[in-house]
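Containing CSV, C-alpha atoms: upload.csv.
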chain,number,residue,atom,x,y,z
I,1242,MET,CA,21.4,-6.1,13.6
I,1243,ILE,CA,23.8,-5.1,16.3
I,1244,VAL,CA,22.3,-3.3,19.2
I,1245,ALA,CA,24.4,-1.0,21.2
I,1246,PRO,CA,24.4,-1.4,25.0
I,1247,LYS,CA,22.4,1.1,27.0
I,1248,CYS,CA,25.6,2.1,28.9
I,1249,ARG,CA,28.0,3.7,26.4
I,1250,ASN,CA,31.1,2.8,28.4
I,1251,LYS,CA,30.3,-0.9,27.8
I,1252,THR,CA,30.6,-0.5,24.0
I,1253,VAL,CA,33.2,-2.9,22.6
I,1254,ALA,CA,33.3,-1.7,19.0
I,1255,THR,CA,31.4,0.6,16.7
I,1256,HIS,CA,32.5,-1.1,13.4
I,1257,PHE,CA,32.2,-4.8,12.7
I,1258,PRO,CA,33.6,-7.0,9.9
I,1259,LYS,CA,31.2,-8.2,7.2
I,1260,PHE,CA,29.5,-11.5,8.0
I,1261,LYS,CA,29.2,-14.2,5.3
I,1262,LEU,CA,26.7,-17.0,5.1
I,1263,GLY,CA,28.0,-19.3,2.4
I,1264,THR,CA,28.8,-16.9,-0.4
I,1265,SER,CA,26.3,-14.2,0.6
I,1266,THR,CA,27.3,-11.2,2.7
I,1267,VAL,CA,24.9,-10.5,5.5
I,1268,GLN,CA,23.7,-6.8,5.5
I,1269,PHE,CA,23.7,-4.7,8.6
I,1270,VAL,CA,20.3,-2.9,9.0
I,1271,TYR,CA,19.0,-0.2,11.4
I,1272,ASP,CA,15.5,-1.7,11.5
I,1273,PHE,CA,13.5,-4.6,10.0
I,1274,LYS,CA,10.0,-6.0,9.8
I,1275,TYR,CA,9.6,-9.1,11.9
I,1276,LEU,CA,7.3,-12.0,11.2
I,1277,GLY,CA,3.7,-11.9,10.0
I,1278,HIS,CA,2.5,-8.8,11.8
I,1279,ASN,CA,5.3,-6.7,10.3
I,1280,ILE,CA,6.5,-5.5,13.7
I,1281,ILE,CA,9.4,-3.2,13.1
I,1282,ILE,CA,12.4,-3.8,15.3
I,1283,SER,CA,15.0,-1.0,15.3
I,1284,ARG,CA,18.6,-0.8,16.3
I,1285,SER,CA,17.7,2.1,18.7
I,1286,GLU,CA,15.4,-0.3,20.6
I,1287,LYS,CA,12.6,2.3,20.2
I,1288,ASP,CA,9.1,1.5,19.1
I,1289,ASP,CA,8.4,4.7,17.1
I,1290,ALA,CA,8.9,3.1,13.7
I,1291,ASP,CA,6.4,0.4,14.6
I,1292,ILE,CA,3.9,3.0,15.9
I,1293,GLU,CA,4.3,5.0,12.6
I,1294,ARG,CA,3.6,1.8,10.7
I,1295,GLU,CA,0.4,1.4,12.8
I,1296,ILE,CA,-0.7,5.0,12.1
I,1297,SER,CA,-0.4,4.3,8.4
I,1298,ASN,CA,-2.2,1.0,8.7
I,1299,ILE,CA,-5.2,2.4,10.5
I,1300,PHE,CA,-5.7,5.1,7.8
I,1301,ILE,CA,-5.4,2.4,5.1
I,1302,ARG,CA,-7.9,0.1,6.7
I,1303,THR,CA,-10.4,2.9,7.3
I,1304,ASN,CA,-10.2,4.0,3.7
I,1305,VAL,CA,-10.8,0.5,2.6
I,1306,LEU,CA,-13.9,0.3,4.8
I,1307,ILE,CA,-15.2,3.7,3.6
I,1308,ARG,CA,-14.8,2.6,0.0
I,1309,ARG,CA,-16.6,-0.7,0.4
I,1310,PHE,CA,-19.0,-0.2,3.3
I,1311,SER,CA,-19.9,3.4,3.5
I,1312,LYS,CA,-23.6,2.8,3.0
I,1313,CYS,CA,-24.0,0.0,5.6
I,1314,THR,CA,-25.9,0.4,8.9
I,1315,LYS,CA,-24.2,1.7,12.0
I,1316,ASP,CA,-24.2,-1.8,13.6
I,1317,VAL,CA,-22.5,-3.3,10.6
I,1318,LYS,CA,-20.0,-0.5,10.5
I,1319,LEU,CA,-19.3,-1.0,14.2
I,1320,THR,CA,-18.6,-4.7,13.7
I,1321,LEU,CA,-16.3,-4.0,10.7
I,1322,PHE,CA,-14.4,-1.2,12.5
I,1323,LYS,CA,-13.9,-3.3,15.7
I,1324,SER,CA,-12.6,-6.3,13.8
I,1325,TYR,CA,-10.6,-4.5,11.1
I,1326,CYS,CA,-9.3,-1.2,12.6
I,1327,MET,CA,-9.0,-1.9,16.3
I,1328,CYS,CA,-6.6,-4.8,16.0
I,1329,PHE,CA,-3.4,-3.4,17.5
I,1330,TYR,CA,-1.7,-6.7,18.0
I,1331,ASP,CA,1.7,-5.5,19.1
I,1332,VAL,CA,0.6,-2.5,21.2
I,1333,ALA,CA,1.3,-4.4,24.5
I,1334,LEU,CA,4.9,-4.8,23.5
I,1335,TRP,CA,5.6,-1.0,23.0
I,1336,LYS,CA,7.8,0.1,25.9
I,1337,TYR,CA,10.3,2.7,24.6
I,1338,HIS,CA,8.7,5.4,22.4
I,1339,ASN,CA,8.1,9.1,22.2
I,1340,VAL,CA,4.9,10.3,23.8
I,1341,THR,CA,4.2,12.4,20.7
I,1342,THR,CA,4.2,9.3,18.5
I,1343,VAL,CA,1.6,7.6,20.6
I,1344,ASN,CA,-0.4,10.8,20.6
I,1345,ARG,CA,-0.3,10.8,16.8
I,1346,LEU,CA,-1.7,7.3,16.8
I,1347,ARG,CA,-4.4,8.3,19.3
I,1348,LEU,CA,-5.4,11.2,17.0
I,1349,ALA,CA,-5.4,8.9,14.0
I,1350,TYR,CA,-7.7,6.4,15.8
I,1351,ASN,CA,-10.1,9.2,16.7
I,1352,LYS,CA,-10.0,10.8,13.3
I,1353,CYS,CA,-10.7,7.4,11.6
I,1354,ILE,CA,-13.7,6.8,13.8
I,1355,LYS,CA,-15.1,10.3,12.9
I,1356,ILE,CA,-14.5,9.8,9.2
I,1357,PHE,CA,-15.9,6.3,9.0
I,1358,PHE,CA,-19.0,7.0,11.0
I,1359,GLY,CA,-19.7,10.5,9.5
I,1360,PHE,CA,-19.1,12.7,12.6
I,1361,SER,CA,-18.0,16.3,12.0
I,1362,ARG,CA,-14.4,17.3,12.8
I,1363,CYS,CA,-15.4,19.4,15.8
I,1364,TYR,CA,-17.6,16.7,17.4
I,1365,SER,CA,-16.7,15.7,20.9
I,1366,VAL,CA,-14.5,12.5,21.0
I,1367,ILE,CA,-16.0,11.4,24.3
I,1368,GLN,CA,-19.5,11.9,23.1
I,1369,MET,CA,-18.8,10.0,19.8
I,1370,LEU,CA,-17.2,7.1,21.7
I,1371,LEU,CA,-20.2,6.9,24.1
I,1372,GLU,CA,-22.7,7.0,21.2
I,1373,LEU,CA,-20.9,4.2,19.4
I,1374,GLY,CA,-20.0,2.1,22.4
I,1375,LEU,CA,-16.3,2.1,21.4
I,1376,ALA,CA,-13.3,2.0,23.7
I,1377,SER,CA,-11.1,5.1,23.9
I,1378,PHE,CA,-7.5,4.7,22.7
I,1379,ASN,CA,-6.2,4.8,26.2
I,1380,ALA,CA,-8.6,2.0,27.2
I,1381,LEU,CA,-7.3,-0.1,24.3
I,1382,LEU,CA,-3.7,0.4,25.4
I,1383,VAL,CA,-4.4,-0.5,29.0
I,1384,ASN,CA,-6.6,-3.5,28.2
I,1385,SER,CA,-4.0,-4.8,25.7
I,1386,ARG,CA,-1.2,-4.5,28.2
I,1387,TYR,CA,-3.2,-6.1,30.9
I,1388,ARG,CA,-4.2,-9.1,28.8
I,1389,PHE,CA,-0.6,-9.5,27.7
I,1390,ARG,CA,0.6,-9.4,31.3
I,1391,CYS,CA,-2.0,-12.0,32.4
I,1392,ALA,CA,-1.1,-14.3,29.5
I,1393,TRP,CA,2.6,-13.9,30.3
I,1394,ASN,CA,2.1,-14.6,34.0
I,1395,CYS,CA,-0.2,-17.6,33.4
I,1396,SER,CA,2.2,-19.2,31.0
I,1397,ASN,CA,3.6,-22.5,32.1
I,1398,LYS,CA,6.5,-22.6,29.7
I,1399,LYS,CA,9.9,-22.8,31.4
I,1400,ILE,CA,11.6,-20.1,29.3
I,1401,VAL,CA,8.7,-17.6,29.8
I,1402,GLY,CA,8.6,-18.4,33.5
I,1403,HIS,CA,12.4,-17.9,33.8
I,1404,LEU,CA,12.1,-14.5,32.0
I,1405,CYS,CA,9.3,-13.5,34.3
I,1406,ALA,CA,11.3,-14.4,37.3
I,1407,LEU,CA,14.1,-12.1,36.0
I,1408,GLY,CA,11.6,-9.3,35.8
I,1409,MET,CA,11.4,-8.9,32.0
Target format structure tokens, applied to this file:
Amino acid sequence: MIVAPKCRNKTVATHFPKFKLGTSTVQFVYDFKYLGHNIIISRSEKDDADIEREISNIFIRTNVLIRRFSKCTKDVKLTLFKSYCMCFYDVALWKYHNVTTVNRLRLAYNKCIKIFFGFSRCYSVIQMLLELGLASFNALLVNSRYRFRCAWNCSNKKIVGHLCALGM
């Protein structure tokens, strides 16, 4: 993947020759899934594709829980939902994205809670979260970013420390 510089006047070229690795030609891509969490890295350096993937995943996970555990008690459902649907591992890394994409994820999060716990569509989100003792989506974002920043700052690895000193 070749990522264009933020400043367009620093662009060296727009077309590049094909790269070969042995006898195989390396393909140019606009985005790809990275490592075990399927984080999507895009050429545009935006996180919207990764957020869209997370929207799809929360609906898939909630549907699995509904199919298998719809008749469980509220406490069991809470434990399952917290461990299976509230695991936004890469949320702390999202930096460049459209506000509407994050709002769609927030709506998906709230809708999945309502569906899984049997609340009506018009039920108050705040009331629902208070009754269940769940964090709001905004709280999840803030807590995740805070924990990531703390882990980043407490790291004693030289490379991470160097990047931190550069303000990354």
* Can you work out which one of I:Thr1266, I:Asn1394, I:Phe1358, I:Tyr1387 has the shortest atom-to-atom distance to I:Thr1314, counting all atoms listed in the file? =>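 For I:Thr1314, the nearest of the candidates is I:Phe1358.
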* To one decimal place, how far is atom CA of I:Ser1311 from atom CA of I:Cys1353 in Å? -> 12.9 Å
* **Interatomic distance, atom CA of I:Arg1302 to atom CA of I:Met1327 (Å, one decimal)** =>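 Atom-to-atom, atom CA of I:Arg1302 and atom CA of I:Met1327 are spaced 9.9 Å apart.
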* Asked: Just how far from atom CA of I:Asn1304 is atom CA of I:Leu1319, in Å to one decimal?
  ->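 Computed distance, atom CA of I:Leu1319 to atom CA of I:Asn1304, equals 14.8 Å.
Shortest atom-to-atom contact with I:Asp1288 among I:Tyr1337, I:Phe1360, I:Trp1393, I:Phe1378: I:Tyr1337, counting all atoms listed in the file.
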Skipping near chain neighbours, those fewer than 6 positions away, what residues fall within 9 Å of I:Phe1329 using all atoms listed in the file, listed as a PDB file with C-alpha atoms, in the coordinates of the input?
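Result written to around.pdb:
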ATOM      1  CA  GLU I1295       0.400   1.400  12.800  1.00  0.00           C
ATOM      2  CA  LEU I1381      -7.300  -0.100  24.300  1.00  0.00           C
ATOM      3  CA  LEU I1382      -3.700   0.400  25.400  1.00  0.00           C
ATOM      4  CA  SER I1385      -4.000  -4.800  25.700  1.00  0.00           C
TER       5      SER I1385
END
